[in-house]
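*Asks:* The structure file query.cif (mmCIF, C-alpha atoms) is provided below.
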```cif
data_input
#
loop_
_atom_site.label_atom_id
_atom_site.label_comp_id
_atom_site.auth_asym_id
_atom_site.auth_seq_id
_atom_site.Cartn_x
_atom_site.Cartn_y
_atom_site.Cartn_z
CA MET A 13 -2.97 -220.78 174.74
CA ASP A 14 -4.10 -217.17 175.17
CA ALA A 15 -6.85 -216.02 177.53
CA ARG A 16 -9.53 -216.05 174.83
CA GLU A 17 -8.81 -219.67 173.89
CA LYS A 18 -8.67 -220.70 177.55
CA ILE A 19 -12.10 -219.20 178.14
CA LEU A 20 -13.61 -220.75 175.02
CA GLU A 21 -12.10 -224.14 175.82
CA ALA A 22 -13.40 -224.02 179.39
CA ALA A 23 -16.86 -222.92 178.26
CA ALA A 24 -17.02 -225.69 175.65
CA GLU A 25 -16.03 -228.34 178.21
CA LEU A 26 -18.59 -227.10 180.72
CA LEU A 27 -21.24 -226.97 178.01
CA ALA A 28 -20.56 -230.59 177.07
CA GLU A 29 -21.18 -231.61 180.69
CA ALA A 30 -24.26 -229.41 181.25
CA PRO A 31 -27.58 -231.28 181.04
CA ALA A 32 -29.48 -228.28 179.70
CA ALA A 33 -26.90 -226.41 177.60
CA GLU A 34 -26.44 -223.92 180.42
CA VAL A 35 -23.16 -222.57 181.83
CA SER A 36 -22.41 -219.68 184.19
CA THR A 37 -19.72 -217.08 183.57
CA ARG A 38 -18.43 -217.67 187.10
CA ALA A 39 -17.88 -221.36 186.40
CA VAL A 40 -16.18 -220.53 183.12
CA CYS A 41 -13.82 -218.06 184.77
CA GLU A 42 -12.91 -220.56 187.49
CA ALA A 43 -12.27 -223.33 184.95
CA ALA A 44 -10.19 -221.03 182.72
CA GLY A 45 -8.29 -219.46 185.62
CA VAL A 46 -9.17 -215.90 184.66
CA GLY A 47 -11.06 -213.09 186.32
CA ALA A 48 -14.52 -211.92 185.30
CA PRO A 49 -13.20 -208.57 183.97
CA MET A 50 -11.07 -210.45 181.43
CA LEU A 51 -14.07 -212.46 180.20
CA TYR A 52 -16.26 -209.40 179.81
CA ARG A 53 -13.47 -207.43 178.13
CA LEU A 54 -13.05 -210.17 175.53
CA PHE A 55 -16.69 -211.12 174.94
CA GLY A 56 -18.79 -208.18 176.14
CA ASP A 57 -21.30 -210.23 178.09
CA LYS A 58 -22.54 -213.78 178.59
CA ALA A 59 -24.46 -213.74 175.30
CA GLY A 60 -21.28 -212.72 173.49
CA LEU A 61 -19.37 -215.56 175.12
CA LEU A 62 -22.02 -218.13 174.24
CA ALA A 63 -22.18 -216.91 170.63
CA ALA A 64 -18.38 -217.30 170.36
CA VAL A 65 -18.62 -220.82 171.82
CA VAL A 66 -21.25 -221.74 169.21
CA ASP A 67 -19.16 -220.31 166.36
CA ARG A 68 -16.14 -222.27 167.56
CA GLY A 69 -18.12 -225.49 167.83
CA PHE A 70 -19.70 -225.11 164.41
CA GLU A 71 -16.49 -224.23 162.58
CA GLN A 72 -15.64 -227.78 161.53
CA TYR A 73 -19.20 -228.39 160.29
CA LEU A 74 -19.28 -225.17 158.29
CA ALA A 75 -15.80 -225.79 156.90
CA SER A 76 -17.00 -229.08 155.43
CA LYS A 77 -20.02 -227.36 153.87
CA ARG A 78 -17.84 -224.60 152.39
CA ALA A 79 -15.57 -227.22 150.86
CA ALA A 80 -18.41 -229.33 149.43
CA ARG A 81 -18.34 -229.46 145.64
CA PRO A 82 -21.70 -228.85 143.94
CA GLY A 83 -23.18 -231.94 142.33
CA ASP A 84 -24.98 -232.19 139.04
CA ASP A 85 -28.37 -232.22 140.80
CA PRO A 86 -28.89 -229.24 143.16
CA VAL A 87 -32.00 -230.83 144.68
CA ALA A 88 -29.92 -233.89 145.63
CA ASP A 89 -27.42 -231.49 147.23
CA LEU A 90 -30.35 -229.98 149.14
CA ARG A 91 -31.32 -233.37 150.58
CA SER A 92 -27.70 -234.13 151.45
CA GLY A 93 -27.41 -230.77 153.21
CA TRP A 94 -30.50 -231.54 155.31
CA ASP A 95 -29.02 -234.89 156.36
CA ASN A 96 -25.66 -233.34 157.25
CA HIS A 97 -27.44 -230.70 159.34
CA MET A 98 -29.36 -233.37 161.26
CA ARG A 99 -26.23 -235.48 161.75
CA PHE A 100 -24.32 -232.56 163.24
CA ALA A 101 -27.21 -231.63 165.53
CA LEU A 102 -27.52 -235.15 166.93
CA ASP A 103 -23.75 -235.55 167.32
CA HIS A 104 -23.31 -232.15 169.04
CA PRO A 105 -26.56 -231.63 170.97
CA HIS A 106 -25.28 -229.05 173.45
CA HIS A 107 -23.75 -226.71 170.89
CA TYR A 108 -26.78 -227.11 168.65
CA ARG A 109 -29.34 -226.33 171.35
CA LEU A 110 -27.26 -223.37 172.46
CA MET A 111 -27.23 -221.94 168.94
CA TYR A 112 -31.02 -221.57 169.05
CA SER A 113 -31.30 -220.66 172.72
CA PRO A 114 -33.32 -217.51 173.54
CA GLU A 115 -30.34 -216.43 175.66
CA LEU A 116 -28.51 -215.55 172.47
CA THR A 117 -29.98 -212.15 171.72
CA VAL A 118 -27.80 -211.82 168.60
CA PRO A 119 -27.63 -214.85 166.26
CA PRO A 120 -24.13 -216.35 166.11
CA ALA A 121 -22.20 -215.89 162.88
CA ALA A 122 -22.48 -219.66 162.37
CA ALA A 123 -26.27 -219.42 162.12
CA ARG A 124 -26.05 -216.66 159.52
CA GLU A 125 -23.49 -218.58 157.50
CA ALA A 126 -25.52 -221.80 157.59
CA HIS A 127 -28.51 -219.80 156.31
CA ALA A 128 -26.39 -218.28 153.52
CA LEU A 129 -25.01 -221.67 152.45
CA LEU A 130 -28.52 -223.11 152.21
CA HIS A 131 -29.66 -220.09 150.22
CA ALA A 132 -26.80 -220.61 147.77
CA ILE A 133 -27.96 -224.17 147.04
CA LEU A 134 -31.51 -222.92 146.51
CA GLU A 135 -30.25 -220.28 144.10
CA ARG A 136 -28.79 -223.16 142.07
CA CYS A 137 -32.13 -224.98 142.24
CA ALA A 138 -33.89 -221.87 140.95
CA ALA A 139 -31.36 -221.37 138.16
CA ALA A 140 -32.00 -224.97 137.05
CA GLY A 141 -35.75 -224.36 136.94
CA ARG A 142 -36.34 -226.76 139.83
CA LEU A 143 -37.69 -224.32 142.43
CA THR A 144 -41.39 -223.39 142.58
CA VAL A 145 -41.01 -220.46 145.00
CA PRO A 146 -38.40 -217.69 145.33
CA PRO A 147 -35.10 -218.87 146.89
CA ALA A 148 -35.51 -216.60 149.92
CA VAL A 149 -38.89 -218.17 150.75
CA ALA A 150 -37.58 -221.70 150.23
CA THR A 151 -34.62 -220.94 152.49
CA GLN A 152 -36.93 -219.86 155.30
CA VAL A 153 -39.16 -222.92 154.94
CA ILE A 154 -36.36 -225.49 154.77
CA MET A 155 -34.24 -223.95 157.53
CA SER A 156 -37.25 -223.68 159.84
CA ALA A 157 -38.24 -227.30 159.20
CA ASN A 158 -34.68 -228.61 159.50
CA VAL A 159 -33.99 -226.77 162.76
CA GLY A 160 -37.42 -227.63 164.15
CA ALA A 161 -36.93 -231.32 163.43
CA ALA A 162 -33.47 -231.33 164.99
CA LEU A 163 -34.59 -229.55 168.15
CA SER A 164 -37.64 -231.80 168.46
CA MET A 165 -35.50 -234.93 168.26
CA LEU A 166 -32.99 -233.50 170.75
CA THR A 167 -35.43 -232.20 173.34
CA ARG A 168 -38.22 -234.81 173.00
CA PRO A 169 -36.44 -238.03 171.94
CA GLU A 170 -39.21 -240.17 173.45
CA GLN A 171 -41.70 -238.60 171.03
CA TYR A 172 -39.45 -239.08 167.99
CA PRO A 173 -38.04 -242.61 168.30
CA ASP A 174 -38.36 -243.41 164.58
CA PRO A 175 -35.01 -242.83 162.80
CA GLY A 176 -36.90 -242.41 159.53
CA PHE A 177 -38.79 -239.34 160.78
CA SER A 178 -36.18 -236.86 159.53
CA THR A 179 -36.06 -238.42 156.06
CA ARG A 180 -39.84 -238.35 155.64
CA LEU A 181 -40.06 -234.74 156.77
CA ARG A 182 -37.13 -233.80 154.54
CA ASP A 183 -38.75 -235.29 151.47
CA ALA A 184 -42.16 -233.79 152.25
CA VAL A 185 -40.72 -230.30 152.65
CA ILE A 186 -38.34 -230.37 149.69
CA ASP A 187 -40.88 -232.02 147.37
CA SER A 188 -43.36 -229.24 148.20
CA LEU A 189 -40.86 -226.60 147.01
CA THR A 190 -39.24 -228.25 144.00
CA ARG A 191 -40.19 -230.01 140.80
CA PRO A 192 -38.63 -233.01 139.04
CA ALA A 193 -35.91 -232.26 136.52
CA ALA A 194 -38.08 -233.67 133.73
CA LEU A 195 -40.70 -230.97 134.37
CA ALA A 196 -38.32 -228.04 134.61
CA PRO A 197 -38.79 -226.88 130.98
CA GLN A 198 -42.58 -226.61 131.47
CA ASP A 199 -42.36 -223.55 133.68
CA GLY A 200 -45.10 -221.04 134.28
CA VAL A 201 -44.37 -217.34 134.75
CA PRO A 202 -43.56 -217.48 138.52
CA VAL A 203 -41.07 -220.32 138.15
CA ALA A 204 -39.55 -218.82 134.98
CA ALA A 205 -39.14 -215.48 136.78
CA ALA A 206 -37.48 -217.14 139.78
CA THR A 207 -35.19 -219.07 137.47
CA LEU A 208 -34.17 -215.98 135.47
CA ALA A 209 -33.67 -213.95 138.66
CA ALA A 210 -31.32 -216.59 140.06
CA ARG A 211 -29.34 -216.79 136.82
CA LEU A 212 -28.97 -213.02 136.65
CA ARG A 213 -27.81 -212.87 140.27
CA ALA A 214 -25.19 -215.52 139.47
CA ALA A 215 -24.01 -213.67 136.34
CA PRO A 216 -25.21 -210.03 136.26
CA PRO A 217 -25.41 -208.68 132.68
CA ALA A 218 -22.55 -206.27 131.97
CA GLU A 219 -24.88 -204.16 129.83
CA PHE A 220 -26.95 -203.10 132.86
CA THR A 221 -26.05 -200.55 135.50
CA ALA A 222 -26.35 -201.57 139.15
CA ALA A 223 -29.61 -199.62 139.37
CA GLU A 224 -31.03 -201.34 136.28
CA SER A 225 -30.03 -204.77 137.58
CA GLY A 226 -31.65 -203.99 140.92
CA LEU A 227 -34.88 -202.87 139.28
CA LEU A 228 -35.00 -205.96 137.07
CA GLN A 229 -34.45 -208.18 140.10
CA GLN A 230 -37.31 -206.41 141.87
CA TRP A 231 -39.66 -207.04 138.94
CA LEU A 232 -38.63 -210.68 138.64
CA ASP A 233 -39.03 -211.26 142.39
CA THR A 234 -42.53 -209.79 142.18
CA LEU A 235 -43.42 -212.12 139.30
CA ALA A 236 -41.87 -215.09 141.13
CA GLU A 237 -44.23 -214.54 144.06
CA GLY A 238 -47.10 -215.19 141.68
#
```
Could the structure of this file be written out as structure tokens, please?
*Replies:*
Amino acid sequence: MDAREKILEAAAELLAEAPAAEVSTRAVCEAAGVGAPMLYRLFGDKAGLLAAVVDRGFEQYLASKRAARPGDDPVADLRSGWDNHMRFALDHPHHYRLMYSPELTVPPAAAREAHALLHAILERCAAAGRLTVPPAVATQVIMSANVGAALSMLTRPEQYPDPGFSTRLRDAVIDSLTRPAALAPQDGVPVAAATLAARLRAAPPAEFTAAESGLLQQWLDTLAEG
């Protein structure tokens, strides 16, 4: 095991034992058997180390999401994604709380990838005519609600004892942003624009230049905002 892996392993073990998702670089160096200069050379600073620990801890979760095969119903995939997110958060509370800690001045790569994977599902929802707002807006709403619910249940478990809380919030949020499949053909201009924009992003028309495609996307996004 090289020095980088030793440091990450030591930091992960200390994090698992810490009551408040807090570890010191000194403790990490002592546990890994390395000097502080080595840690800072490899990770830059404490925030860099913590971001690397989060990315390492989230790798298995993200790998499963990357490998997930899209279902026939993108809204059902959206609900499943919410549940998987909550399950990971509750099973790995220290890594999850650390990911959203204010100590991390730069978001870990795992957070950016999780956001991108959610956005990809919402693009599919839009392309199917199921989304009532632009995918970027829906991504912000759902990610904020999902993360907020997870952190609330982790940090204030006495206030959220009902195991059905996450499901009710999930359905309330997703239902406010989507429409039933049976109503998808009856789209107004905003929904039709969002749908067309998503389909063109998935398969850009060969007849258009990059500039023309960009301009069309801008117009469609404006229409999608209503």
*Asks:* Considering all atoms listed in the file, state which residue in the set A:Asp84, A:Lys18, A:Trp94, A:Tyr172 is at the smallest distance from A:Gly47.
*Replies:*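 Using all atoms listed in the file, the shortest distance to A:Gly47 belongs to A:Lys18.
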*Asks:* Counting all atoms listed in the file, which of A:Lys77, A:His104, A:Arg211, A:Arg16 gets nearest to A:Ala64?
*Replies:* A:Arg16
*Asks:* Report the distance between atom CA of A:Ile154 and atom CA of A:Ile186 in Å, rounded to one decimal place.
*Replies:* 7.3 Å
*Asks:* If you apply the PyMOL selection byres ((chain A and resi 27) around 10) to this file, what residues do you get, as a list of chain:residue names?
*Replies:*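 Listing what the PyMOL selection byres ((chain A and resi 27) around 10) selects in the shown file: A:Glu21, A:Ala22, A:Ala23, A:Ala24, A:Glu25, A:Leu26, A:Ala28, A:Glu29, A:Ala30, A:Pro31, A:Ala32, A:Ala33, A:Glu34, A:Val35, A:Ser36, A:Val40, A:Leu62, A:Val65, A:Pro105, A:His106, A:His107, A:Leu110.
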*Asks:* Please provide the set of residues having any atom within 9 Å of A:Ala138, restricted to all atoms listed in the file, with same-chain residues fewer than 6 positions apart removed, written as a PDB file with C-alpha atoms, in the coordinates of the input.
*Replies:*
```pdb
ATOM      1  CA  THR A 144     -41.390-223.390 142.580  1.00  0.00           C
ATOM      2  CA  VAL A 145     -41.010-220.460 145.000  1.00  0.00           C
ATOM      3  CA  PRO A 146     -38.400-217.690 145.330  1.00  0.00           C
ATOM      4  CA  PRO A 147     -35.100-218.870 146.890  1.00  0.00           C
ATOM      5  CA  THR A 190     -39.240-228.250 144.000  1.00  0.00           C
ATOM      6  CA  VAL A 203     -41.070-220.320 138.150  1.00  0.00           C
ATOM      7  CA  ALA A 204     -39.550-218.820 134.980  1.00  0.00           C
ATOM      8  CA  ALA A 206     -37.480-217.140 139.780  1.00  0.00           C
ATOM      9  CA  THR A 207     -35.190-219.070 137.470  1.00  0.00           C
ATOM     10  CA  LEU A 208     -34.170-215.980 135.470  1.00  0.00           C
ATOM     11  CA  ALA A 209     -33.670-213.950 138.660  1.00  0.00           C
ATOM     12  CA  ALA A 210     -31.320-216.590 140.060  1.00  0.00           C
ATOM     13  CA  ARG A 211     -29.340-216.790 136.820  1.00  0.00           C
TER      14      ARG A 211
END
```
*Asks:* Take atom CA of A:Arg68 and atom CA of A:Pro175 and report the distance between them in Å, one decimal.
*Replies:* 28.3 Å
*Asks:* Any chance you could work out the residue set of the PyMOL selection byres ((chain A and resi 48-53) around 12) here, as a ChimeraX atom specification?
*Replies:* /A:14-20,22-23,36-47,54-62,64
*Asks:* Based on the selection just made, write C-alpha atoms of those residues as a PDB file, in the coordinates of the input.
*Replies:*
```
ATOM      1  CA  ASP A  14      -4.100-217.170 175.170  1.00  0.00           C
ATOM      2  CA  ALA A  15      -6.850-216.020 177.530  1.00  0.00           C
ATOM      3  CA  ARG A  16      -9.530-216.050 174.830  1.00  0.00           C
ATOM      4  CA  GLU A  17      -8.810-219.670 173.890  1.00  0.00           C
ATOM      5  CA  LYS A  18      -8.670-220.700 177.550  1.00  0.00           C
ATOM      6  CA  ILE A  19     -12.100-219.200 178.140  1.00  0.00           C
ATOM      7  CA  LEU A  20     -13.610-220.750 175.020  1.00  0.00           C
ATOM      8  CA  ALA A  22     -13.400-224.020 179.390  1.00  0.00           C
ATOM      9  CA  ALA A  23     -16.860-222.920 178.260  1.00  0.00           C
ATOM     10  CA  SER A  36     -22.410-219.680 184.190  1.00  0.00           C
ATOM     11  CA  THR A  37     -19.720-217.080 183.570  1.00  0.00           C
ATOM     12  CA  ARG A  38     -18.430-217.670 187.100  1.00  0.00           C
ATOM     13  CA  ALA A  39     -17.880-221.360 186.400  1.00  0.00           C
ATOM     14  CA  VAL A  40     -16.180-220.530 183.120  1.00  0.00           C
ATOM     15  CA  CYS A  41     -13.820-218.060 184.770  1.00  0.00           C
ATOM     16  CA  GLU A  42     -12.910-220.560 187.490  1.00  0.00           C
ATOM     17  CA  ALA A  43     -12.270-223.330 184.950  1.00  0.00           C
ATOM     18  CA  ALA A  44     -10.190-221.030 182.720  1.00  0.00           C
ATOM     19  CA  GLY A  45      -8.290-219.460 185.620  1.00  0.00           C
ATOM     20  CA  VAL A  46      -9.170-215.900 184.660  1.00  0.00           C
ATOM     21  CA  GLY A  47     -11.060-213.090 186.320  1.00  0.00           C
ATOM     22  CA  LEU A  54     -13.050-210.170 175.530  1.00  0.00           C
ATOM     23  CA  PHE A  55     -16.690-211.120 174.940  1.00  0.00           C
ATOM     24  CA  GLY A  56     -18.790-208.180 176.140  1.00  0.00           C
ATOM     25  CA  ASP A  57     -21.300-210.230 178.090  1.00  0.00           C
ATOM     26  CA  LYS A  58     -22.540-213.780 178.590  1.00  0.00           C
ATOM     27  CA  ALA A  59     -24.460-213.740 175.300  1.00  0.00           C
ATOM     28  CA  GLY A  60     -21.280-212.720 173.490  1.00  0.00           C
ATOM     29  CA  LEU A  61     -19.370-215.560 175.120  1.00  0.00           C
ATOM     30  CA  LEU A  62     -22.020-218.130 174.240  1.00  0.00           C
ATOM     31  CA  ALA A  64     -18.380-217.300 170.360  1.00  0.00           C
TER      32      ALA A  64
END
```
*Asks:* Restricting the calculation to all atoms listed in the file, which member of A:Val201, A:Asp89, A:Arg109, A:Glu135 is positioned closest to A:Ala236?
*Replies:*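 Comparing A:Val201, A:Asp89, A:Arg109, A:Glu135 against A:Ala236, the winner is A:Val201.
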*Asks:* Under the PyMOL selection byres ((chain A and resi 191) around 10), which residues of this model are included? Write them out as number ranges by chain.
*Replies:* A: 87, 137, 141-144, 186-190, 192-196, 199
*Asks:* In Å to one decimal, how far is atom CA of A:Arg81 from atom CA of A:Arg213?
*Replies:*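 Interatomic distance here is 19.8 Å.
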*Asks:* List as a ChimeraX atom specification the protein and nucleic acid residues near A:Gln152, meaning an atom at most 9 Å away when only C-alpha atoms are counted, but skip any in the same chain fewer than 4 places from it.
*Replies:* /A:127,131,147-148,156-157
*Asks:* Excluding stretch 179-185 of chain A and residues on its chain fewer than 5 positions from it, collect all residues at most 12 Å away from it, counting all atoms listed in the file, and give them as a short mmCIF file (atom, residue, chain, number, x, y, z; two decimals) with C-alpha atoms, in the coordinates of the input.
*Replies:*
```
data_model
loop_
_atom_site.label_atom_id
_atom_site.label_comp_id
_atom_site.auth_asym_id
_atom_site.auth_seq_id
_atom_site.Cartn_x
_atom_site.Cartn_y
_atom_site.Cartn_z
CA VAL A 87 -32.00 -230.83 144.68
CA ALA A 88 -29.92 -233.89 145.63
CA LEU A 90 -30.35 -229.98 149.14
CA ARG A 91 -31.32 -233.37 150.58
CA SER A 92 -27.70 -234.13 151.45
CA GLY A 93 -27.41 -230.77 153.21
CA TRP A 94 -30.50 -231.54 155.31
CA ASP A 95 -29.02 -234.89 156.36
CA ASN A 96 -25.66 -233.34 157.25
CA HIS A 97 -27.44 -230.70 159.34
CA MET A 98 -29.36 -233.37 161.26
CA ARG A 99 -26.23 -235.48 161.75
CA ALA A 150 -37.58 -221.70 150.23
CA THR A 151 -34.62 -220.94 152.49
CA GLN A 152 -36.93 -219.86 155.30
CA VAL A 153 -39.16 -222.92 154.94
CA ILE A 154 -36.36 -225.49 154.77
CA MET A 155 -34.24 -223.95 157.53
CA SER A 156 -37.25 -223.68 159.84
CA ALA A 157 -38.24 -227.30 159.20
CA ASN A 158 -34.68 -228.61 159.50
CA VAL A 159 -33.99 -226.77 162.76
CA GLY A 160 -37.42 -227.63 164.15
CA ALA A 161 -36.93 -231.32 163.43
CA ALA A 162 -33.47 -231.33 164.99
CA ASP A 174 -38.36 -243.41 164.58
CA THR A 190 -39.24 -228.25 144.00
CA ARG A 191 -40.19 -230.01 140.80
#
```
*Asks:* Set up a box along x, y and z of the file covering all listed atoms of stretch 22-29 of chain A, add 5 Å on every one of the six sides, and write the centre and edge lengths in Å to one decimal, as JSON.
*Replies:*
```
{"center_x": -17.3, "center_y": -227.3, "center_z": 178.2, "size_x": 17.8, "size_y": 18.7, "size_z": 15.1}
```
*Asks:* With only C-alpha atoms as the basis for distance, which of A:Pro202, A:Leu212, A:Pro120, A:Phe70 is at the shortest distance from A:Arg136?
*Replies:* A:Leu212
*Asks:* Could you tell me which of A:Arg78, A:Gln72, A:Pro217, A:Gln230 comes closest to A:Leu130 if we count only C-alpha atoms?
*Replies:* A:Arg78
